[in-house]
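A short write-up of the structure that comes next.
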Amino acid sequence: MICHYPVKTLIGDYLRGGIGLAATGGLVGFASMITVIQYIIAAAAIMFAGFLLRTWQRHRTHYVLDDIGVQAIGPFGRAIRWSDISGLGLRYFSTRRDRKDGWFQLTIRGGFTKMSIDSNLDGFDEVLRRCAIASHNNGLELKDGTVENFAAAGFPVRDAAPDQPVRAC
């Protein structure tokens, strides 16, 4: 299965990053003398540039899920085998005070490799399903928040069937 971030979910990030970089970069560019304020604004411009670079990376990366593991193909690509997963973290970030809207961020660790995927990814549910199975098969001890978030997403990790095959769809 091949998963990617849809362009429509990245357009807002491109716009926010571009406007922020133009505004902060413009302020630094028009400064006649360098003051502490310009250093702070320059730091903000660097952060917006980094945000744009991260958005571009997400745009150019696709994820391949197969019987062996998950592989990120693109800039800064990496791969983790299901059997090598040594840690999982699933965090929820709310955009509203009532926690009705938000997104998940999944962190997968295996050996010296770490991969972060957010819920805007097409196929994110399949990634969660396979990670829940791998968690059980690998006997991972997960933090309570991660267990609760997997359950809230519809993939209870404590109830995953043992040795359930992780197969391609």
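Every chain in the structure tokens has a letter given in the order shown (A, B, ...), and although residue numbers restart at 1 in each chain, ligands are simply numbered from 1 in the order shown.
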
Counting only C-alpha atoms, what is within 10 Å of Ile117 of chain A, bar same-chain residues fewer than 6 positions away, as a compact mmCIF listing (two decimals) with C-alpha atoms, in the first residue's frame?
```
# COMPACT_ATOMS: atom_id res chain seq x y z
CA TYR A 5 0.03 13.51 2.14
CA ARG A 58 6.13 15.90 3.47
CA TYR A 63 5.14 5.77 2.49
CA ALA A 72 9.42 6.48 3.69
CA LEU A 90 0.64 8.34 19.43
CA PHE A 104 -2.72 12.58 15.67
CA GLN A 105 1.04 12.27 15.37
CA LEU A 106 2.48 8.76 15.32
CA THR A 107 6.14 8.21 16.17
CA ILE A 108 7.63 4.84 15.24
CA PHE A 124 -3.02 6.68 8.27
CA VAL A 127 -0.49 2.50 9.47
```

- Mind checking which residues fall within 12 Å of Lys143 of chain A, counting only C-alpha atoms, ignoring those fewer than 5 positions away in the same chain, and posting them as number ranges by chain? A: 87-91, 135, 148-150, 157-158

- Among listed residues A:Ile19, A:Ala134, A:Tyr92, A:Ile46, nearest Asp118 of chain A (using only C-alpha atoms):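 Looking only at the distances to Asp118 of chain A, the closest residue turns out to be A:Tyr92.
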
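Residue nearest His4 of chain A within the list A:Leu128, A:Ala42, A:Leu65, A:Ala79: A:Leu65 [criterion: smallest interatomic distance, only C-alpha atoms].
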
- Item | Backbone DSSP call of alpha helix (DSSP H) for chain A, listed as a ChimeraX atom specification | /A:7-29,36-60,124-137,144-152

- Message: From a backbone DSSP assignment, name each residue in segment 5-157 of chain A labelled strand (DSSP E), as JSON, numbers by chain.
- Response: {"A": [62, 63, 64, 65, 69, 70, 71, 72, 73, 78, 79, 80, 81, 87, 88, 89, 90, 91, 92, 93, 94, 102, 103, 104, 105, 106, 107, 108, 109, 110, 113, 114, 115, 116, 117, 118]}

- Identify which of the residues A:Ile2, A:Ile80, A:Ile40, A:Leu52 lies closest to Met115 of chain A, counting only C-alpha atoms when measuring atom-to-atom distances.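 Closest candidate: A:Ile80.
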
- Near-Gly102 of chain A list (7 Å; only C-alpha atoms; drop same-chain fewer than 3 positions) as a PyMOL selection string: chain A and resi 92-95+99

- Any idea what the distance is between atom CA of Cys131 of chain A and atom CA of Arg54 of chain A? 23.9 Å
